[in-house]
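> Next up is a structure, given as structure tokens.
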Amino acid sequence: MKTVPKLNLNIPDHNILDKIGEGGMSSVYLGRQISLQRKVAIKVLKKLVMDDKSLSERFVDEAKTVASLDHPHIISIYEAKKLPSGLAYFTMPYLTHGNFGEIICTNSDHLIELLCQICEGLSHAHKHGVIHRDLKPDNILFDQFGRIKIADFGIAISQNAKRQTKETQLLGSAHYMSPEQIQSREISYQSDIYSLGCIIYEKLTGDHVFQAGNDFSILMSHINKPIPDLPDALAEWQHIIDLCLAKNPKERFKDVESLKAALLAIKYSKQPADEMRDSQSFAHKYFKPAYLAATGILAFVLLAAFLMVKKSNNEAEKAQKLIETQLLAKQNAAALQAKQDQLEALELKIAVVENTENIEEELVDITGNLDNETINQMSIETKLNEAKSLLKRNRLTKPKGENAADKYQAILLEQPNNQIARDGLNQVGMSYFNLIEKKLSANEIPDALNYIQSLNEYISNYKIDRSLFETQVSGIATTANSLVSKAVNSRRKNGQAEQYLQIINLLMPNYKFVTDLQSSYNNIPQTGLHVSDQLGHAFIYFAINGDSGLQDFMFGTNEVTVEQFARFAGEKFTEEKCHHYDKKVFFKKTWLKTPFDQTNQHPVTCITAAHAQQYAQWLSDETGQKYRLATAAEFLHINKQLQTQPSCQSANLAGAEAASEKKATNKKYSCNDKQLFTAPIKSMQAEKQIYNLNGNVSEWVTNCGSQPSCAIGTSWRSGLDQTNISPLSTSPNETHSHIGFRLVREL
């Protein structure tokens, strides 16, 4: 063991070997007592405390009082002195077997066993008028046999000793100090019970009773905050925690013996607190004097029985039975006693009353006669630390008053130029974005939206500049733009793009970028969408799903009319005579002069497939859109969507009106649609907003298997022997009075 260099310590009969610990008031050194050649721990009062003459003298006087304690669970104090130099110290055994904070309890019984040893040591001290005042895990040591040794009675007080000064110094450890000790009020044995309750809570949960960023906040929590609830798995301990940590000392266990009884009740009964309360009526019934008297009578009867049995012929056997009976009675009595101890502990539990005092008065009481400016600065530092702790725990804007934003804002109200508070208030927004991004990465969109809503409220309520978060918003906006662009390009709306649009609308309200993005998404065409061009062509959009090989397209709602075709053709395309009933007519008939009367609103007929394709190209050039004939597959796809059977009641087909036109078909429908030849577009009922896909005219289409073009579908001359899905045998280079066309508009 090396000698500690540069330590100006001169303690008679001792060599200082090493510094082994340090606290707020004192330092602890490893020393060797020369006269007895033994290692000792030497606790030396720090100069800051030592300079208070009355405190250092009282420290020595009270340490001598503690030295008089003789108990297996209290460490001995060998010597306590104040030297002429002013140095105050005491010595005690040097234990190297760990402290209570380091021990890992294997189960609740093990923990209770150790806690009972602590209770026994404290009980002995209390009975001798000594209050520890600094009970904490570091001051509860183990000897070489694993026994508890309560140490560090260095700031203990004796209720039998006369107080030399008013208690204005704050002595003890913040995490384990009782409210009355913090407030410099009268100290009682219940103060040690409070500290032990803090230790029990910490051992059960692994956490301190109250967490905060600095000692002052912790101290204020002991005064103001309610007792925390244990997890459900530890519910049977809650009554002990409540009775130890009551703000009012009178509402705690009356003594450590009662606390020990409550601990043993858990060990032996394993009853949760609520069940133990229910058992009070049982205890009040059977722990009455009459019942105890009955127990005495029972013992007397057993003794009389024993004397009588000795006189019988089977004395040995009956004596053995009597012994067994006595043992059983003794066990029952022990169980009843444990029940009584348990109930006594429970009867001490009453409602916790929050004992909130004025914070400013407590601050003055704790710190002494400090000037207002210093106190205010301490208050600001405390609030900053509290805000930082709340920020770290993501308590950003809720609950009201106990969140980081409120704490920072309160500081700015006092000190508007406090840059730390200003930066902290802005950091709240950054923390929200961290939470939002985590939720987006996990695809937990509802949670992300909730955080965004809270973020917007924060920006509004605390007057935050949105431009501070430009980088974060830009990243989310980029993702939204990518998803929407993908949806627009594929012409498919999707849930993820909609979610990000909702997010970006919340983050960037009224931004043109967002409104344009939303408009692009809203304009993604859906099946059933209607579009018209300047020349009166109307289309309906069909989105193709599945593996049909088709692409989305817009299908004309009706056939191209005579009027529309005339804008393109004028008087062209009249060289061929038009076929009527598949026969060339004697007189020259063309699309301008059909074999029957037509108006401008009738479908154009008597043109070839090439004429129809030329019209589509002309219209494309005129409008800038791309038009073409439907493919055979597209025509059949649309026909399948209609899912109707041709009928002269809903389509212009050959029926009774064609009775005199024997050349039309040999299998006419029996009904009469009153249209002998072509009918004006939209004169028949639409099927899913498409007119005359069945009847009126057959239509030129492309990609007909081995043929580039063909005619398909039923017309005014179709009867029962023709379906709407069979191509006609007509040559695409011929003109016929029952064949027209409609257009497809590409996307």
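Naming works like this for the structure tokens: A, B, ... for the chains as they're shown, residue 1 at the start of each chain, ligands 1 onward in shown order.
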Segment 541-548 of chain A: which residues within 8 Å, counting only C-alpha atoms, same-chain residues fewer than 2 positions away excluded, as a list in words?

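Counting only the stated atoms, we get Pro525, Gln526, Thr527, Gly528, Leu529, His530, Val531, Phe539, Leu550, Gln551, Asp552, Phe553, Met554 and Phe555 of chain A.
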
> What lies within 8 Å of segment 602-615 of chain A using only C-alpha atoms, ignoring chain neighbours under 3 positions off, as a ChimeraX atom specification?

/A:559-562,565,568-569,573,578-579,590-591,594,598-599,618-619,628-629,678-681,697,700-701,709-710,732-741

> Report, in Å with one decimal, the straight-line distance from atom CA of Ile74 of chain A to atom CA of His124 of chain A.

8.7 Å

> What lies within 9 Å of Leu111 of chain A using only C-alpha atoms, ignoring chain neighbours under 5 positions off, as a ChimeraX atom specification?

/A:104-106,116,200,203

> So how far away is atom CA of His175 of chain A from atom CA of Leu245 of chain A, in Å?

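For atom CA of Leu245 of chain A relative to atom CA of His175 of chain A, the distance reads 12.2 Å.
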
> Name the residues in contact with Lys383 of chain A at a cut-off of 10 Å, using only C-alpha atoms, excluding same-chain residues fewer than 3 positions from it; report them as a PDB file with N, CA and C atoms, in the first residue's frame.


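The resulting around-v9.pdb:
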```pdb
ATOM      1  N   GLY A 213     -31.788  16.521 -12.295  1.00  0.00           N
ATOM      2  CA  GLY A 213     -30.468  16.841 -12.812  1.00  0.00           C
ATOM      3  C   GLY A 213     -29.505  17.409 -11.797  1.00  0.00           C
ATOM      4  N   ASN A 214     -30.002  17.779 -10.609  1.00  0.00           N
ATOM      5  CA  ASN A 214     -29.115  18.346  -9.597  1.00  0.00           C
ATOM      6  C   ASN A 214     -29.687  18.072  -8.224  1.00  0.00           C
ATOM      7  N   SER A 217     -32.908  20.038  -7.037  1.00  0.00           N
ATOM      8  CA  SER A 217     -34.169  19.529  -7.583  1.00  0.00           C
ATOM      9  C   SER A 217     -34.592  18.245  -6.875  1.00  0.00           C
ATOM     10  N   GLN A 377     -29.928  33.362  -9.276  1.00  0.00           N
ATOM     11  CA  GLN A 377     -29.088  32.647 -10.222  1.00  0.00           C
ATOM     12  C   GLN A 377     -29.121  31.147  -9.962  1.00  0.00           C
ATOM     13  N   MET A 378     -29.132  30.762  -8.674  1.00  0.00           N
ATOM     14  CA  MET A 378     -29.254  29.332  -8.340  1.00  0.00           C
ATOM     15  C   MET A 378     -30.573  28.783  -8.857  1.00  0.00           C
ATOM     16  N   SER A 379     -31.630  29.592  -8.723  1.00  0.00           N
ATOM     17  CA  SER A 379     -32.941  29.160  -9.214  1.00  0.00           C
ATOM     18  C   SER A 379     -32.926  28.955 -10.721  1.00  0.00           C
ATOM     19  N   ILE A 380     -32.267  29.880 -11.444  1.00  0.00           N
ATOM     20  CA  ILE A 380     -32.163  29.750 -12.897  1.00  0.00           C
ATOM     21  C   ILE A 380     -31.387  28.494 -13.263  1.00  0.00           C
ATOM     22  N   GLU A 386     -33.324  21.203 -14.683  1.00  0.00           N
ATOM     23  CA  GLU A 386     -34.598  20.482 -14.757  1.00  0.00           C
ATOM     24  C   GLU A 386     -35.063  20.384 -16.206  1.00  0.00           C
ATOM     25  N   ALA A 387     -34.954  21.495 -16.928  1.00  0.00           N
ATOM     26  CA  ALA A 387     -35.374  21.499 -18.335  1.00  0.00           C
ATOM     27  C   ALA A 387     -34.540  20.527 -19.155  1.00  0.00           C
ATOM     28  N   LYS A 388     -33.237  20.513 -18.898  1.00  0.00           N
ATOM     29  CA  LYS A 388     -32.349  19.600 -19.619  1.00  0.00           C
ATOM     30  C   LYS A 388     -32.716  18.150 -19.339  1.00  0.00           C
ATOM     31  N   SER A 389     -33.030  17.849 -18.091  1.00  0.00           N
ATOM     32  CA  SER A 389     -33.418  16.483 -17.732  1.00  0.00           C
ATOM     33  C   SER A 389     -34.726  16.096 -18.407  1.00  0.00           C
ATOM     34  N   ALA A 404     -40.082  20.355 -20.753  1.00  0.00           N
ATOM     35  CA  ALA A 404     -38.879  21.135 -21.054  1.00  0.00           C
ATOM     36  C   ALA A 404     -39.221  22.516 -21.611  1.00  0.00           C
ATOM     37  N   LYS A 407     -40.319  24.928 -18.936  1.00  0.00           N
ATOM     38  CA  LYS A 407     -39.200  25.298 -18.071  1.00  0.00           C
ATOM     39  C   LYS A 407     -38.316  26.344 -18.749  1.00  0.00           C
ATOM     40  N   TYR A 408     -37.991  26.116 -20.025  1.00  0.00           N
ATOM     41  CA  TYR A 408     -37.151  27.073 -20.738  1.00  0.00           C
ATOM     42  C   TYR A 408     -37.875  28.414 -20.900  1.00  0.00           C
ATOM     43  N   ALA A 410     -40.111  29.685 -18.944  1.00  0.00           N
ATOM     44  CA  ALA A 410     -40.145  30.363 -17.646  1.00  0.00           C
ATOM     45  C   ALA A 410     -38.828  31.098 -17.390  1.00  0.00           C
ATOM     46  N   ILE A 411     -37.723  30.491 -17.784  1.00  0.00           N
ATOM     47  CA  ILE A 411     -36.420  31.133 -17.622  1.00  0.00           C
ATOM     48  C   ILE A 411     -36.334  32.382 -18.500  1.00  0.00           C
ATOM     49  N   ALA A 421     -31.281  29.028 -22.465  1.00  0.00           N
ATOM     50  CA  ALA A 421     -32.714  28.726 -22.458  1.00  0.00           C
ATOM     51  C   ALA A 421     -33.294  28.847 -23.857  1.00  0.00           C
TER      52      ALA A 421
END
```

> Based on DSSP run over this structure's backbone, return all residues of segment 621-726 of chain A in strand (DSSP E), as a list in words.

Tyr627, Arg628, Leu629, Ser698, Glu699, Trp700, Val701, Thr702, Asn703, Cys704, Gln707, Pro708, Ser709, Cys710, Ala711 and Ile712 of chain A

> Please write the residues from the selection above to a file, keeping C-alpha atoms, as a PDB file, in the first residue's frame.


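Dumped to out_27.pdb:
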```
ATOM      1  CA  TYR A 627     -54.828   9.476 -80.459  1.00  0.00           C
ATOM      2  CA  ARG A 628     -55.104   6.075 -82.139  1.00  0.00           C
ATOM      3  CA  LEU A 629     -57.514   3.242 -82.845  1.00  0.00           C
ATOM      4  CA  SER A 698     -68.884  -2.422 -85.809  1.00  0.00           C
ATOM      5  CA  GLU A 699     -65.493  -0.750 -85.258  1.00  0.00           C
ATOM      6  CA  TRP A 700     -62.073  -0.741 -86.849  1.00  0.00           C
ATOM      7  CA  VAL A 701     -59.321  -1.887 -84.430  1.00  0.00           C
ATOM      8  CA  THR A 702     -55.640  -2.800 -84.712  1.00  0.00           C
ATOM      9  CA  ASN A 703     -53.421  -5.740 -83.720  1.00  0.00           C
ATOM     10  CA  CYS A 704     -55.871  -8.418 -84.761  1.00  0.00           C
ATOM     11  CA  GLN A 707     -53.703  -8.999 -89.255  1.00  0.00           C
ATOM     12  CA  PRO A 708     -52.676  -5.400 -88.538  1.00  0.00           C
ATOM     13  CA  SER A 709     -56.305  -4.232 -88.631  1.00  0.00           C
ATOM     14  CA  CYS A 710     -59.802  -5.692 -88.531  1.00  0.00           C
ATOM     15  CA  ALA A 711     -63.390  -4.865 -87.682  1.00  0.00           C
ATOM     16  CA  ILE A 712     -64.966  -6.201 -84.521  1.00  0.00           C
TER      17      ILE A 712
END
```

> Calculate how many Å separate atom CA of Leu747 of chain A from atom CA of Gly624 of chain A, rounding to one decimal.

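Here the two named atoms are 11.8 Å from each other.
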
> Nearest residue to Leu535 of chain A out of A:Ser620, A:Gln33, A:Gln472, A:Ser718, using only C-alpha atoms?

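That would be A:Ser620, the residue with the smallest distance to Leu535 of chain A.
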
> Got a sec to tell me which of segment 63-219 of chain A DSSP assigns to alpha helix (DSSP H), as a PyMOL selection string?

chain A and resi 63-67+108-127+179-182+189-205+215-219

> Selection from above, C-alpha atoms, as a PDB file, in the first residue's frame, can you write it?


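result38.pdb, freshly written:
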```pdb
ATOM      1  CA  ALA A  63     -19.534  10.828  17.567  1.00  0.00           C
ATOM      2  CA  LYS A  64     -18.498  10.001  21.135  1.00  0.00           C
ATOM      3  CA  THR A  65     -22.135   9.336  21.943  1.00  0.00           C
ATOM      4  CA  VAL A  66     -22.383   6.953  18.995  1.00  0.00           C
ATOM      5  CA  ALA A  67     -19.141   5.289  20.092  1.00  0.00           C
ATOM      6  CA  SER A 108     -37.079 -11.184  -1.429  1.00  0.00           C
ATOM      7  CA  ASP A 109     -36.333 -13.324   1.633  1.00  0.00           C
ATOM      8  CA  HIS A 110     -32.644 -12.505   1.340  1.00  0.00           C
ATOM      9  CA  LEU A 111     -33.432  -8.778   1.036  1.00  0.00           C
ATOM     10  CA  ILE A 112     -35.802  -8.907   4.011  1.00  0.00           C
ATOM     11  CA  GLU A 113     -33.190 -10.692   6.123  1.00  0.00           C
ATOM     12  CA  LEU A 114     -30.651  -7.929   5.468  1.00  0.00           C
ATOM     13  CA  LEU A 115     -33.216  -5.171   6.001  1.00  0.00           C
ATOM     14  CA  CYS A 116     -34.178  -6.705   9.356  1.00  0.00           C
ATOM     15  CA  GLN A 117     -30.519  -6.527  10.415  1.00  0.00           C
ATOM     16  CA  ILE A 118     -30.516  -2.833   9.502  1.00  0.00           C
ATOM     17  CA  CYS A 119     -33.722  -2.359  11.509  1.00  0.00           C
ATOM     18  CA  GLU A 120     -32.139  -4.079  14.516  1.00  0.00           C
ATOM     19  CA  GLY A 121     -29.080  -1.826  14.381  1.00  0.00           C
ATOM     20  CA  LEU A 122     -31.184   1.325  13.989  1.00  0.00           C
ATOM     21  CA  SER A 123     -33.519   0.218  16.768  1.00  0.00           C
ATOM     22  CA  HIS A 124     -30.569  -0.095  19.148  1.00  0.00           C
ATOM     23  CA  ALA A 125     -29.316   3.357  18.192  1.00  0.00           C
ATOM     24  CA  HIS A 126     -32.761   4.903  18.543  1.00  0.00           C
ATOM     25  CA  LYS A 127     -33.294   3.335  21.962  1.00  0.00           C
ATOM     26  CA  PRO A 179     -38.383  16.386   4.017  1.00  0.00           C
ATOM     27  CA  GLU A 180     -37.990  17.629   7.585  1.00  0.00           C
ATOM     28  CA  GLN A 181     -34.211  17.273   7.375  1.00  0.00           C
ATOM     29  CA  ILE A 182     -34.170  19.233   4.100  1.00  0.00           C
ATOM     30  CA  TYR A 189     -36.300   8.667  14.498  1.00  0.00           C
ATOM     31  CA  GLN A 190     -38.764   8.815  11.585  1.00  0.00           C
ATOM     32  CA  SER A 191     -36.094  10.651   9.581  1.00  0.00           C
ATOM     33  CA  ASP A 192     -33.968   7.478   9.583  1.00  0.00           C
ATOM     34  CA  ILE A 193     -37.083   5.482   8.636  1.00  0.00           C
ATOM     35  CA  TYR A 194     -37.568   7.789   5.620  1.00  0.00           C
ATOM     36  CA  SER A 195     -33.945   7.244   4.542  1.00  0.00           C
ATOM     37  CA  LEU A 196     -34.340   3.486   4.924  1.00  0.00           C
ATOM     38  CA  GLY A 197     -37.507   3.669   2.817  1.00  0.00           C
ATOM     39  CA  CYS A 198     -35.485   5.356   0.053  1.00  0.00           C
ATOM     40  CA  ILE A 199     -32.942   2.531   0.284  1.00  0.00           C
ATOM     41  CA  ILE A 200     -35.658  -0.140   0.114  1.00  0.00           C
ATOM     42  CA  TYR A 201     -37.246   1.523  -2.942  1.00  0.00           C
ATOM     43  CA  GLU A 202     -33.874   1.705  -4.663  1.00  0.00           C
ATOM     44  CA  LYS A 203     -33.105  -1.939  -3.895  1.00  0.00           C
ATOM     45  CA  LEU A 204     -36.496  -3.062  -5.233  1.00  0.00           C
ATOM     46  CA  THR A 205     -36.541  -1.018  -8.445  1.00  0.00           C
ATOM     47  CA  ASP A 215     -29.233  17.949  -5.830  1.00  0.00           C
ATOM     48  CA  PHE A 216     -31.474  20.948  -5.271  1.00  0.00           C
ATOM     49  CA  SER A 217     -34.169  19.529  -7.583  1.00  0.00           C
ATOM     50  CA  ILE A 218     -33.920  16.177  -5.816  1.00  0.00           C
ATOM     51  CA  LEU A 219     -34.345  17.859  -2.439  1.00  0.00           C
TER      52      LEU A 219
END
```

> Quick one: everything within 12 Å of segment 422-425 of chain A, counting only C-alpha atoms, minus sequence neighbours fewer than 5 positions away in the same chain. Send it as a PyMOL selection string.

chain A and resi 383-392+396-397+403-413+415-417+430-432+458-459+461-465+468

> Between A:Asp597, A:Asn434, A:Ala566, A:Ile503, which has the minimum distance to Phe469 of chain A (counting only C-alpha atoms)?

A:Asn434

> So, with only C-alpha atoms as the atoms that count, which of A:Ser683, A:Ser670, A:Asn489, A:Ser460 lies closest to Ala654 of chain A?

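Using only C-alpha atoms, Ala654 of chain A sits closest to A:Ser670.
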
> So which one's closest to Gln601 of chain A, A:Asn558, A:Gln144, A:Asn694, A:Ser519? Using only C-alpha atoms, please.

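Distance minimum relative to Gln601 of chain A lands on A:Asn558.
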